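Okay, model-v2.csv is below, CSV, C-alpha atoms:
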chain,number,residue,atom,x,y,z
A,1,MET,CA,0.0,0.0,0.0
A,2,GLU,CA,3.0,2.3,0.5
A,3,SER,CA,3.7,2.4,-3.2
A,4,VAL,CA,0.2,3.6,-4.0
A,5,GLU,CA,0.5,6.4,-1.4
A,6,LYS,CA,3.9,7.4,-2.9
A,7,TRP,CA,2.4,7.5,-6.4
A,8,LEU,CA,-0.5,9.6,-5.2
A,9,LYS,CA,1.9,12.1,-3.6
A,10,ILE,CA,3.9,12.4,-6.9
A,11,ALA,CA,0.9,12.6,-9.2
A,12,ALA,CA,-1.5,14.6,-7.2
A,13,PRO,CA,-2.0,18.2,-8.4
A,14,THR,CA,-1.4,21.0,-5.9
A,15,GLY,CA,-4.5,23.1,-6.6
A,16,TRP,CA,-7.1,24.2,-9.2
A,17,GLU,CA,-4.6,26.2,-11.2
A,18,ASP,CA,-2.4,23.1,-11.5
A,19,ILE,CA,-5.4,21.0,-12.6
A,20,LEU,CA,-6.5,23.5,-15.3
A,21,MET,CA,-2.9,23.8,-16.6
A,22,ARG,CA,-2.6,20.0,-16.8
A,23,ALA,CA,-5.9,19.8,-18.7
A,24,VAL,CA,-4.8,22.5,-21.2
A,25,LYS,CA,-1.4,20.8,-21.8
A,26,VAL,CA,-3.2,17.5,-22.4
A,27,ALA,CA,-5.7,19.1,-24.8
A,28,VAL,CA,-2.9,20.7,-26.8
A,29,VAL,CA,-0.8,17.5,-26.9
A,30,ALA,CA,-3.9,15.4,-27.8
A,31,PHE,CA,-4.8,17.8,-30.6
A,32,VAL,CA,-1.3,17.7,-32.2
A,33,VAL,CA,-1.1,13.9,-31.8
A,34,PHE,CA,-4.6,13.3,-33.2
A,35,HIS,CA,-3.8,15.5,-36.2
A,36,LEU,CA,-0.6,13.6,-36.9
A,37,LYS,CA,-2.5,10.3,-36.6
A,38,GLU,CA,-5.2,11.5,-38.9
A,39,TRP,CA,-2.6,12.7,-41.5
A,40,LEU,CA,-0.8,9.3,-41.4
A,41,ASP,CA,-4.0,7.3,-41.5
A,42,ALA,CA,-6.2,9.2,-44.0
A,43,GLY,CA,-3.8,11.7,-45.6
A,44,ARG,CA,-6.1,14.6,-44.5
A,45,PHE,CA,-7.1,16.5,-41.4
A,46,ASP,CA,-10.5,16.2,-39.7
A,47,THR,CA,-10.2,19.2,-37.3
A,48,PRO,CA,-13.8,19.4,-35.9
A,49,ASP,CA,-13.7,15.7,-34.8
A,50,ILE,CA,-10.1,16.1,-33.6
A,51,LEU,CA,-11.2,19.1,-31.4
A,52,ILE,CA,-14.0,17.0,-29.9
A,53,ASP,CA,-11.7,14.0,-29.3
A,54,SER,CA,-9.0,16.3,-27.7
A,55,ALA,CA,-11.7,17.8,-25.4
A,56,TRP,CA,-12.8,14.3,-24.3
A,57,VAL,CA,-9.2,13.4,-23.4
A,58,ALA,CA,-8.6,16.7,-21.6
A,59,GLY,CA,-11.9,16.3,-19.7
A,60,GLY,CA,-11.0,12.8,-18.6
A,61,ASN,CA,-7.6,14.1,-17.5
A,62,LEU,CA,-9.3,16.9,-15.6
A,63,VAL,CA,-11.6,14.5,-13.8
A,64,LEU,CA,-8.7,12.2,-12.9
A,65,ASN,CA,-6.7,15.1,-11.5
A,66,VAL,CA,-9.7,16.4,-9.4
A,67,ILE,CA,-10.0,12.9,-7.9
A,68,LEU,CA,-6.3,12.7,-7.2
A,69,MET,CA,-6.4,16.1,-5.5
A,70,TRP,CA,-9.3,15.0,-3.3
A,71,VAL,CA,-7.8,11.7,-2.2
A,72,LYS,CA,-4.1,12.7,-1.9
A,73,PRO,CA,-2.7,11.7,1.5

Before we go any further, please render this structure as structure tokens.
Amino acid sequence: MESVEKWLKIAAPTGWEDILMRAVKVAVVAFVVFHLKEWLDAGRFDTPDILIDSAWVAGGNLVLNVILMWVKP
């Protein structure tokens, strides 16, 4: 159980500003990576769908970080 507590201390955000900045970084990285994937798979970009997918990934990250902040030891 000690390893889980250690992981939570390392991964837990320090506050709401940290949570929002993490979500923004994840959204930007997801947007770029999904664009690259779309270009390699289809040879074209599908920006509206990529924006939605990036928002879902960032939203999931936001929820995870809120939970980590609430349960951090």

(message) Using all atoms listed in the file, can you tell me which of A:Lys72, A:Ile52, A:Ala58, A:Glu38 comes closest to Thr14 in chain A?
(response)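 Ranking A:Lys72, A:Ile52, A:Ala58, A:Glu38 by distance to Thr14 in chain A, first place goes to A:Lys72.
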
(request) To one decimal in Å, tell me the separation between CA of Pro13 in chain A and CA of Asn61 in chain A. (result)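 Straight-line distance from CA of Pro13 in chain A to CA of Asn61 in chain A works out to 11.4 Å.
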
(message) To one decimal place in Å, what is the distance between CA of Val66 in chain A and CA of Thr47 in chain A?
(response)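 Going from CA of Val66 in chain A over to CA of Thr47 in chain A, I get 28.0 Å.
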
(request) Write out as number ranges by chain each polymer residue whose atoms come within 7 Å of Ala27 in chain A, counting only C-alpha atoms; drop sequence neighbours fewer than 2 positions from it. (result) A: 23-25, 29-31, 54-55, 57-58

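Across the model, the gap from CA of Glu17 in chain A to CA of Ile67 in chain A is 14.7 Å.
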
(message) Ranking A:Val71, A:Leu64, A:Val28, A:Ala11 by minimum distance to Leu51 in chain A and counting all atoms listed in the file, which one comes first?
(response) A:Val28

(request) Find the residues around Trp70 in chain A up to 12 Å (only C-alpha atoms counted), leave out those fewer than 5 positions away in its own chain, and share them as a list of chain:residue names. (result)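 The filter keeps A:Leu8, A:Lys9, A:Ala12, A:Pro13, A:Thr14, A:Gly15, A:Trp16, A:Ile19, A:Val63, A:Leu64, A:Asn65.
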
Completion of range 8-22 of chain A up to N, CA and C atoms, as an mmCIF file, in the frame of the given file:
data_model
loop_
_atom_site.group_PDB
_atom_site.id
_atom_site.type_symbol
_atom_site.label_atom_id
_atom_site.label_comp_id
_atom_site.auth_asym_id
_atom_site.auth_seq_id
_atom_site.Cartn_x
_atom_site.Cartn_y
_atom_site.Cartn_z
ATOM 1 N N LEU A 8 0.472 8.570 -5.363
ATOM 2 C CA LEU A 8 -0.500 9.600 -5.200
ATOM 3 C C LEU A 8 0.180 10.960 -4.835
ATOM 4 N N LYS A 9 1.211 10.907 -4.004
ATOM 5 C CA LYS A 9 1.900 12.100 -3.600
ATOM 6 C C LYS A 9 2.613 12.741 -4.827
ATOM 7 N N ILE A 10 3.178 11.916 -5.686
ATOM 8 C CA ILE A 10 3.900 12.400 -6.900
ATOM 9 C C ILE A 10 2.907 12.958 -7.897
ATOM 10 N N ALA A 11 1.817 12.247 -8.157
ATOM 11 C CA ALA A 11 0.900 12.600 -9.200
ATOM 12 C C ALA A 11 -0.168 13.578 -8.875
ATOM 13 N N ALA A 12 -0.424 13.783 -7.609
ATOM 14 C CA ALA A 12 -1.500 14.600 -7.200
ATOM 15 C C ALA A 12 -1.241 16.103 -7.514
ATOM 16 N N PRO A 13 -2.208 16.790 -8.105
ATOM 17 C CA PRO A 13 -2.000 18.200 -8.400
ATOM 18 C C PRO A 13 -2.078 18.999 -7.051
ATOM 19 N N THR A 14 -1.516 20.198 -7.086
ATOM 20 C CA THR A 14 -1.400 21.000 -5.900
ATOM 21 C C THR A 14 -2.598 21.956 -5.695
ATOM 22 N N GLY A 15 -3.394 22.167 -6.724
ATOM 23 C CA GLY A 15 -4.500 23.100 -6.600
ATOM 24 C C GLY A 15 -5.272 23.176 -7.945
ATOM 25 N N TRP A 16 -6.279 24.037 -7.976
ATOM 26 C CA TRP A 16 -7.100 24.200 -9.200
ATOM 27 C C TRP A 16 -6.340 24.724 -10.360
ATOM 28 N N GLU A 17 -5.421 25.641 -10.110
ATOM 29 C CA GLU A 17 -4.600 26.200 -11.200
ATOM 30 C C GLU A 17 -3.781 25.071 -11.851
ATOM 31 N N ASP A 18 -3.217 24.209 -11.025
ATOM 32 C CA ASP A 18 -2.400 23.100 -11.500
ATOM 33 C C ASP A 18 -3.317 22.130 -12.334
ATOM 34 N N ILE A 19 -4.509 21.869 -11.859
ATOM 35 C CA ILE A 19 -5.400 21.000 -12.600
ATOM 36 C C ILE A 19 -5.779 21.562 -13.940
ATOM 37 N N LEU A 20 -6.090 22.854 -13.997
ATOM 38 C CA LEU A 20 -6.500 23.500 -15.300
ATOM 39 C C LEU A 20 -5.273 23.507 -16.238
ATOM 40 N N MET A 21 -4.076 23.791 -15.739
ATOM 41 C CA MET A 21 -2.900 23.800 -16.600
ATOM 42 C C MET A 21 -2.607 22.416 -17.157
ATOM 43 N N ARG A 22 -2.779 21.393 -16.336
ATOM 44 C CA ARG A 22 -2.600 20.000 -16.800
ATOM 45 C C ARG A 22 -3.587 19.681 -17.902
#
